[in-house]
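To start, the structure itself, in structure tokens.
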Amino acid sequence: MPRMLDVSDEVRAEIGDEEADRLLGGDNAPGTYDCTSCRTPGNSERERTSTVLFVGDETAVLAFAHASCIPSQVVPVSEEQLQGAVRSITGGDAGQQGQQPSGDVPLQAELGVTSGLLLINGDVQPALVVEPLVPIARPGTTGPVDVFLELLNEQGFAPVTAIDQLPDTSPGWSVLLVTGKLHAVLQPNVAGGPPVAWWQAHQAMQVAEEWRSAVNKTGRVLVYAAPVGTIGQQPREDLLREALDRAAASGRLVGAAMPLAGT
């Protein structure tokens, strides 16, 4: 039976016309599926469905999502991220995660990443808060430290003086969700080509359903960053908000709004 599939030009270019036509005709495409974005059931025979192709270094995985959640697209990911996505799809993910920085800002240090919801001007906003576990030096040097905020300002983040003002979008940056889990924060590739991971989870990071729903509604994430020891591990979102307010008031907070990459 024909499927109500959206196959973007970039997905078609990757999988070929023959495979794309087979999918649209009902071959190799499931009738029912779990949306790779919101993780709720979908039916490609009854509702518009996006084809999402995750492309790694050596392999690729075709997934399906409600067209109302995300458009059909190609999502470049590392082979490790792709294998992690496959494990989460098949139920093999252990559910434990750690954070590891990469790219221009990371400097032989780990970044702590916390997800939370912030009430800003009456609207619930999905946010990530990034804080190094140690002081950060400029790449290739041993000091002075801490230049974490300075480096991020150079990368397009802007100082945040009040949480009730939404940060601007930082061009080229995005947040990568795969099968509803947080995998990475991506930054522009200075050499051109696809974005590269600035921060990457050791294993897919589980986020709350309410956070994921807010992301699906807004289509972007507010990413805030502060120097080591500024925010800390806050057990509740109201305490996280208070810590962010203090950091903003003291000039120790930067932020950027980032669209979703993938799901």
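Following the order of the structure tokens, first chain is A, next is B, and so on, with residues numbered from 1 inside each chain and ligands from 1 in the order they appear.
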Polymer residues at most 10 Å from Leu166 (chain A), only C-alpha atoms, same-chain spacing of 5 or more positions, as a list in words: Ile120, Asn121, Gln125, Val160, Leu222, Gly255, Ala256 and Ala257 of chain A
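Each of A:Thr114, A:Asp146, A:Leu151, A:Ala197 was compared to Val223 (chain A) using only C-alpha atoms, and A:Thr114 turns out to be the nearest.
With only C-alpha atoms taken into account, the protein and nucleic acid residues at most 12 Å from Ser250 (chain A) (excluding it and anything under 5 positions from it in its own chain) are A:Pro159, A:Val160, A:Thr161, A:Ala162, A:Ala226, A:Pro227, A:Thr230, A:Ile231, A:Ala243, A:Leu244, A:Asp245.
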Spatial neighbours of region 175-178 of chain A, max dist 9 Å, only C-alpha atoms, sep filter under 3 positions, as a list in words: Thr36, Ser37, Phe54, Val75, Val77, Gln81, Leu82, Ala85, Lys181, Leu182, His183, Ala184, Val185, Leu186, Gln187, Ala204, Arg220, Val221, Val223, Met258, Pro259, Leu260, Ala261, Gly262 and Thr263 of chain A
Those same residues - C-alpha atoms - I'd like them written as a PDB file, in the first residue's frame.
ATOM      1  CA  THR A  36      12.160   9.187  16.032  1.00  0.00           C
ATOM      2  CA  SER A  37      11.479  12.640  17.481  1.00  0.00           C
ATOM      3  CA  PHE A  54      21.171   9.413   9.828  1.00  0.00           C
ATOM      4  CA  VAL A  75      21.433  14.182   9.614  1.00  0.00           C
ATOM      5  CA  VAL A  77      26.462  12.089  12.792  1.00  0.00           C
ATOM      6  CA  GLN A  81      26.605   8.483  17.621  1.00  0.00           C
ATOM      7  CA  LEU A  82      24.964   6.386  14.936  1.00  0.00           C
ATOM      8  CA  ALA A  85      21.178   5.596  18.107  1.00  0.00           C
ATOM      9  CA  LYS A 181      17.716  11.651  23.285  1.00  0.00           C
ATOM     10  CA  LEU A 182      20.413  14.306  23.468  1.00  0.00           C
ATOM     11  CA  HIS A 183      23.560  13.366  21.586  1.00  0.00           C
ATOM     12  CA  ALA A 184      25.542  16.528  20.893  1.00  0.00           C
ATOM     13  CA  VAL A 185      25.801  20.272  20.524  1.00  0.00           C
ATOM     14  CA  LEU A 186      27.098  20.996  17.027  1.00  0.00           C
ATOM     15  CA  GLN A 187      29.166  23.974  15.914  1.00  0.00           C
ATOM     16  CA  ALA A 204      22.804   9.192  24.560  1.00  0.00           C
ATOM     17  CA  ARG A 220      15.006  25.161  19.207  1.00  0.00           C
ATOM     18  CA  VAL A 221      16.897  25.018  22.485  1.00  0.00           C
ATOM     19  CA  VAL A 223      21.872  27.036  25.495  1.00  0.00           C
ATOM     20  CA  MET A 258      20.029  26.842  18.669  1.00  0.00           C
ATOM     21  CA  PRO A 259      17.752  25.017  16.231  1.00  0.00           C
ATOM     22  CA  LEU A 260      17.410  21.269  16.237  1.00  0.00           C
ATOM     23  CA  ALA A 261      19.673  19.116  14.111  1.00  0.00           C
ATOM     24  CA  GLY A 262      17.872  15.878  13.439  1.00  0.00           C
ATOM     25  CA  THR A 263      15.252  14.788  15.873  1.00  0.00           C
TER      26      THR A 263
END
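For Ala65 (chain A), the set of protein, DNA and RNA residues having any atom at most 6 Å away, when counting only C-alpha atoms and skipping those fewer than 3 positions along the same chain, is A:Cys35, A:Thr36, A:Thr49, A:Ser50.
Of the residues listed (A:Leu62, A:Asp34, A:Met205, A:Glu242), A:Leu62 shows the shortest atom-to-atom separation from Val11 (chain A); distances use only C-alpha atoms.
Of the residues under consideration (A:Ala208, A:Val134, A:Val52, A:Cys69), A:Cys69 shows the shortest atom-to-atom contact distance to Thr40 (chain A) when counting only C-alpha atoms.
Atom pair CA of Thr51 (chain A) / CA of Ser72 (chain A) has a distance of 4.9 Å (rounded to one decimal).
Considering the residues A:Asp6, A:Ser174, A:Ala67, A:Gly112 and counting only C-alpha atoms, His202 (chain A) has its shortest atom-to-atom contact with A:Gly112.
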Shell of 12 Å around Val207 (chain A), only C-alpha atoms, local chain residues under 6 positions omitted, as an MDAnalysis selection string: chainID A and resid 38 95:97 113:117 126:128 177:183 213:215
Close residues, Phe157 (chain A) itself excluded, 8 Å, only C-alpha atoms, min 3 positions apart in chain, as a ChimeraX atom specification: /A:152-154,170,254-256
Now that the selection is made, can you save its residues with N, CA, C and O atoms as a PDB file, in the first residue's frame?
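The result, stored in out-v2.pdb:
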ATOM      1  N   LEU A 152      33.627  31.454  24.066  1.00  0.00           N
ATOM      2  CA  LEU A 152      32.273  31.315  23.554  1.00  0.00           C
ATOM      3  C   LEU A 152      31.780  32.599  22.896  1.00  0.00           C
ATOM      4  O   LEU A 152      31.053  32.550  21.891  1.00  0.00           O
ATOM      5  N   ASN A 153      32.167  33.748  23.434  1.00  0.00           N
ATOM      6  CA  ASN A 153      31.817  35.010  22.783  1.00  0.00           C
ATOM      7  C   ASN A 153      32.386  35.061  21.368  1.00  0.00           C
ATOM      8  O   ASN A 153      31.741  35.547  20.437  1.00  0.00           O
ATOM      9  N   GLU A 154      33.600  34.543  21.208  1.00  0.00           N
ATOM     10  CA  GLU A 154      34.222  34.503  19.888  1.00  0.00           C
ATOM     11  C   GLU A 154      33.501  33.547  18.950  1.00  0.00           C
ATOM     12  O   GLU A 154      33.594  33.683  17.726  1.00  0.00           O
ATOM     13  N   SER A 170      22.635  31.646  17.348  1.00  0.00           N
ATOM     14  CA  SER A 170      24.040  31.665  16.951  1.00  0.00           C
ATOM     15  C   SER A 170      24.168  30.888  15.645  1.00  0.00           C
ATOM     16  O   SER A 170      23.957  29.674  15.614  1.00  0.00           O
ATOM     17  N   VAL A 254      26.646  33.426  29.387  1.00  0.00           N
ATOM     18  CA  VAL A 254      26.429  33.704  27.968  1.00  0.00           C
ATOM     19  C   VAL A 254      25.385  32.716  27.457  1.00  0.00           C
ATOM     20  O   VAL A 254      25.110  31.699  28.089  1.00  0.00           O
ATOM     21  N   GLY A 255      24.795  33.033  26.313  1.00  0.00           N
ATOM     22  CA  GLY A 255      23.755  32.149  25.799  1.00  0.00           C
ATOM     23  C   GLY A 255      23.572  32.288  24.306  1.00  0.00           C
ATOM     24  O   GLY A 255      24.051  33.234  23.669  1.00  0.00           O
ATOM     25  N   ALA A 256      22.879  31.311  23.751  1.00  0.00           N
ATOM     26  CA  ALA A 256      22.540  31.318  22.342  1.00  0.00           C
ATOM     27  C   ALA A 256      21.336  30.408  22.127  1.00  0.00           C
ATOM     28  O   ALA A 256      21.196  29.390  22.826  1.00  0.00           O
TER      29      ALA A 256
END
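If only C-alpha atoms are the atoms counted, then among A:Gly192, A:Pro167, A:Ile70, A:Lys217 the closest residue to Asp123 (chain A) is A:Lys217.
Our summary of the geometry notes that CA of Pro135 (chain A) is positioned 7.9 Å from CA of Val147 (chain A).
CA of Leu118 (chain A) is found 21.2 Å from CA of Val228 (chain A).
Distances from A:Arg252, A:Glu209, A:Gly229, A:Val74 to Val55 (chain A) were compared using only C-alpha atoms, and the smallest one belongs to A:Val74.
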